[in-house]
file my_file-v2.pdb (PDB, C-alpha atoms)
ATOM      1  CA  MET A   1     -34.751 -24.168 -56.757  1.00  0.00           C
ATOM      2  CA  ILE A   2     -32.210 -21.766 -55.362  1.00  0.00           C
ATOM      3  CA  ALA A   3     -32.863 -18.722 -53.210  1.00  0.00           C
ATOM      4  CA  ILE A   4     -30.991 -15.456 -53.646  1.00  0.00           C
ATOM      5  CA  TYR A   5     -31.032 -13.293 -50.540  1.00  0.00           C
ATOM      6  CA  TYR A   6     -30.044  -9.733 -51.289  1.00  0.00           C
ATOM      7  CA  THR A   7     -29.871  -6.516 -49.327  1.00  0.00           C
ATOM      8  CA  PRO A   8     -31.523  -3.216 -50.280  1.00  0.00           C
ATOM      9  CA  VAL A   9     -28.143  -1.910 -51.472  1.00  0.00           C
ATOM     10  CA  THR A  10     -27.325  -4.889 -53.718  1.00  0.00           C
ATOM     11  CA  THR A  11     -27.162  -3.230 -57.128  1.00  0.00           C
ATOM     12  CA  GLU A  12     -26.251  -6.463 -58.939  1.00  0.00           C
ATOM     13  CA  ILE A  13     -29.560  -8.255 -58.267  1.00  0.00           C
ATOM     14  CA  GLU A  14     -31.179  -7.397 -61.618  1.00  0.00           C
ATOM     15  CA  SER A  15     -28.093  -8.597 -63.490  1.00  0.00           C
ATOM     16  CA  TRP A  16     -28.041 -11.834 -61.483  1.00  0.00           C
ATOM     17  CA  LYS A  17     -31.726 -12.459 -62.144  1.00  0.00           C
ATOM     18  CA  SER A  18     -31.318 -11.785 -65.857  1.00  0.00           C
ATOM     19  CA  ARG A  19     -28.335 -14.117 -66.111  1.00  0.00           C
ATOM     20  CA  LEU A  20     -30.112 -16.903 -64.228  1.00  0.00           C
ATOM     21  CA  ASP A  21     -33.218 -16.437 -66.384  1.00  0.00           C
ATOM     22  CA  ALA A  22     -31.037 -17.019 -69.450  1.00  0.00           C
ATOM     23  CA  THR A  23     -29.948 -20.391 -68.021  1.00  0.00           C
ATOM     24  CA  PHE A  24     -33.504 -21.405 -67.117  1.00  0.00           C
ATOM     25  CA  THR A  25     -32.413 -21.825 -63.492  1.00  0.00           C
ATOM     26  CA  LYS A  26     -35.330 -21.756 -61.067  1.00  0.00           C
ATOM     27  CA  TYR A  27     -34.752 -19.251 -58.305  1.00  0.00           C
ATOM     28  CA  GLU A  28     -36.481 -17.075 -55.780  1.00  0.00           C
ATOM     29  CA  ALA A  29     -35.122 -13.593 -55.092  1.00  0.00           C
ATOM     30  CA  VAL A  30     -35.700 -12.532 -51.475  1.00  0.00           C
ATOM     31  CA  LEU A  31     -35.105  -9.020 -50.226  1.00  0.00           C
ATOM     32  CA  SER A  32     -33.500  -9.439 -46.821  1.00  0.00           C
ATOM     33  CA  TYR A  33     -32.889  -6.746 -44.249  1.00  0.00           C
ATOM     34  CA  ASP A  34     -31.234  -9.026 -41.692  1.00  0.00           C
ATOM     35  CA  LYS A  35     -28.436 -10.576 -43.792  1.00  0.00           C
ATOM     36  CA  PRO A  36     -25.214  -8.537 -43.926  1.00  0.00           C
ATOM     37  CA  VAL A  37     -24.185  -9.753 -47.413  1.00  0.00           C
ATOM     38  CA  PRO A  38     -26.070 -11.204 -50.379  1.00  0.00           C
ATOM     39  CA  MET A  39     -26.125 -14.989 -50.533  1.00  0.00           C
ATOM     40  CA  ILE A  40     -27.411 -17.908 -52.535  1.00  0.00           C
ATOM     41  CA  VAL A  41     -28.787 -21.012 -50.862  1.00  0.00           C
ATOM     42  CA  ASP A  42     -28.729 -24.053 -53.137  1.00  0.00           C
ATOM     43  CA  GLY A  43     -29.828 -27.087 -51.178  1.00  0.00           C
ATOM     44  CA  ILE A  44     -27.339 -27.310 -48.335  1.00  0.00           C
ATOM     45  CA  ALA A  45     -24.755 -25.130 -50.108  1.00  0.00           C
ATOM     46  CA  VAL A  46     -24.536 -21.490 -49.043  1.00  0.00           C
ATOM     47  CA  ILE A  47     -22.699 -19.066 -51.317  1.00  0.00           C
ATOM     48  CA  GLU A  48     -21.983 -15.729 -49.632  1.00  0.00           C
ATOM     49  CA  GLY A  49     -20.746 -12.460 -51.051  1.00  0.00           C
ATOM     50  CA  LYS A  50     -20.917 -10.752 -54.416  1.00  0.00           C
ATOM     51  CA  SER A  51     -17.788 -12.332 -55.918  1.00  0.00           C
ATOM     52  CA  ALA A  52     -18.837 -15.838 -54.862  1.00  0.00           C
ATOM     53  CA  ILE A  53     -22.307 -15.271 -56.338  1.00  0.00           C
ATOM     54  CA  GLU A  54     -20.755 -14.027 -59.590  1.00  0.00           C
ATOM     55  CA  GLU A  55     -18.669 -17.216 -59.740  1.00  0.00           C
ATOM     56  CA  TYR A  56     -21.700 -19.404 -58.965  1.00  0.00           C
ATOM     57  CA  ILE A  57     -23.734 -17.782 -61.751  1.00  0.00           C
ATOM     58  CA  ALA A  58     -20.809 -18.042 -64.180  1.00  0.00           C
ATOM     59  CA  ASN A  59     -20.663 -21.771 -63.395  1.00  0.00           C
ATOM     60  CA  CYS A  60     -24.415 -22.038 -64.116  1.00  0.00           C
ATOM     61  CA  GLU A  61     -23.870 -20.246 -67.428  1.00  0.00           C
ATOM     62  CA  ASN A  62     -20.974 -22.548 -68.355  1.00  0.00           C
ATOM     63  CA  PHE A  63     -22.996 -25.625 -67.446  1.00  0.00           C
ATOM     64  CA  PHE A  64     -25.933 -24.426 -69.540  1.00  0.00           C
ATOM     65  CA  ALA A  65     -23.679 -23.613 -72.505  1.00  0.00           C
ATOM     66  CA  GLY A  66     -22.068 -27.050 -72.284  1.00  0.00           C
ATOM     67  CA  TRP A  67     -25.426 -28.759 -71.953  1.00  0.00           C
ATOM     68  CA  TYR A  68     -26.692 -26.971 -75.037  1.00  0.00           C
ATOM     69  CA  GLU A  69     -23.566 -27.854 -77.016  1.00  0.00           C
ATOM     70  CA  ASP A  70     -23.790 -31.530 -76.055  1.00  0.00           C
ATOM     71  CA  ARG A  71     -27.435 -32.074 -76.915  1.00  0.00           C
ATOM     72  CA  CYS A  72     -28.065 -35.200 -78.949  1.00  0.00           C
ATOM     73  CA  ASP A  73     -30.025 -33.672 -81.792  1.00  0.00           C
ATOM     74  CA  LYS A  74     -26.927 -31.822 -83.002  1.00  0.00           C
ATOM     75  CA  HIS A  75     -25.134 -35.038 -83.902  1.00  0.00           C
ATOM     76  CA  ASP A  76     -25.765 -37.641 -86.528  1.00  0.00           C
ATOM     77  CA  PHE A  77     -25.390 -40.980 -84.785  1.00  0.00           C
ATOM     78  CA  PHE A  78     -26.521 -43.082 -87.717  1.00  0.00           C
ATOM     79  CA  PRO A  79     -24.305 -43.480 -90.773  1.00  0.00           C
ATOM     80  CA  GLU A  80     -25.932 -42.688 -94.061  1.00  0.00           C
ATOM     81  CA  THR A  81     -26.649 -45.689 -96.233  1.00  0.00           C
ATOM     82  CA  ASP A  82     -26.751 -46.028 -99.979  1.00  0.00           C
ATOM     83  CA  ALA A  83     -30.319 -47.203-100.387  1.00  0.00           C
TER      84      ALA A  83
END
call {"tool": "encode", "arguments": {"input": "my_file-v2.pdb", "output": "structure tokens"}}
result
Amino acid sequence: MIAIYYTPVTTEIESWKSRLDATFTKYEAVLSYDKPVPMIVDGIAVIEGKSAIEEYIANCENFFAGWYEDRCDKHDFFPETDA
């Protein structure tokens, strides 16, 4: 699970949450008064700043879209036989 730390003036938080919800990413949104910029903590990775967070979420969206496109049930792996 990732944690999103945002400040009281972070207007993008609802958009970020909505976008992450669409990718089924587990997250916790934490209102923080002591952090100067919004950040995401993903394991040991720390993503700081609005543009970096936008890029991180875009990468999550791309991963999810690719995962959905590559799912096995969309492909016919067995040739049809004349039985």
call {"tool": "closest_residue", "arguments": {"input": "my_file-v2.pdb", "among": "A:Ile2, A:Pro36, A:Asn62, A:Glu54", "to": "Ser15 in chain A", "atoms": "only C-alpha atoms"}}
result
A:Glu54
call {"tool": "resolve_selection", "arguments": {"input": "my_file-v2.pdb", "expression": "the PyMOL selection byres ((chain A and resi 24) around 12)", "output": "PDB file with C-alpha atoms, keeping the file's coordinate frame"}}
result
ATOM      1  CA  MET A   1     -34.751 -24.168 -56.757  1.00  0.00           C
ATOM      2  CA  ILE A   2     -32.210 -21.766 -55.362  1.00  0.00           C
ATOM      3  CA  LYS A  17     -31.726 -12.459 -62.144  1.00  0.00           C
ATOM      4  CA  SER A  18     -31.318 -11.785 -65.857  1.00  0.00           C
ATOM      5  CA  ARG A  19     -28.335 -14.117 -66.111  1.00  0.00           C
ATOM      6  CA  LEU A  20     -30.112 -16.903 -64.228  1.00  0.00           C
ATOM      7  CA  ASP A  21     -33.218 -16.437 -66.384  1.00  0.00           C
ATOM      8  CA  ALA A  22     -31.037 -17.019 -69.450  1.00  0.00           C
ATOM      9  CA  THR A  23     -29.948 -20.391 -68.021  1.00  0.00           C
ATOM     10  CA  THR A  25     -32.413 -21.825 -63.492  1.00  0.00           C
ATOM     11  CA  LYS A  26     -35.330 -21.756 -61.067  1.00  0.00           C
ATOM     12  CA  TYR A  27     -34.752 -19.251 -58.305  1.00  0.00           C
ATOM     13  CA  ILE A  57     -23.734 -17.782 -61.751  1.00  0.00           C
ATOM     14  CA  CYS A  60     -24.415 -22.038 -64.116  1.00  0.00           C
ATOM     15  CA  GLU A  61     -23.870 -20.246 -67.428  1.00  0.00           C
ATOM     16  CA  PHE A  63     -22.996 -25.625 -67.446  1.00  0.00           C
ATOM     17  CA  PHE A  64     -25.933 -24.426 -69.540  1.00  0.00           C
ATOM     18  CA  ALA A  65     -23.679 -23.613 -72.505  1.00  0.00           C
ATOM     19  CA  TRP A  67     -25.426 -28.759 -71.953  1.00  0.00           C
ATOM     20  CA  TYR A  68     -26.692 -26.971 -75.037  1.00  0.00           C
TER      21      TYR A  68
END
call {"tool": "atom_distance", "arguments": {"input": "my_file-v2.pdb", "atom1": "CA of Gly43 in chain A", "atom2": "CA of Thr11 in chain A"}}
result
24.7 Å
call {"tool": "atom_distance", "arguments": {"input": "my_file-v2.pdb", "atom1": "CA of Thr10 in chain A", "atom2": "CA of Pro38 in chain A"}}
result
7.3 Å
call {"tool": "closest_residue", "arguments": {"input": "my_file-v2.pdb", "among": "A:Val37, A:Ile4, A:Val30, A:Val9", "to": "Tyr56 in chain A", "atoms": "all atoms listed in the file"}}
result
A:Ile4
call {"tool": "atom_distance", "arguments": {"input": "my_file-v2.pdb", "atom1": "CA of Asp42 in chain A", "atom2": "CA of Pro8 in chain A"}}
result
21.2 Å
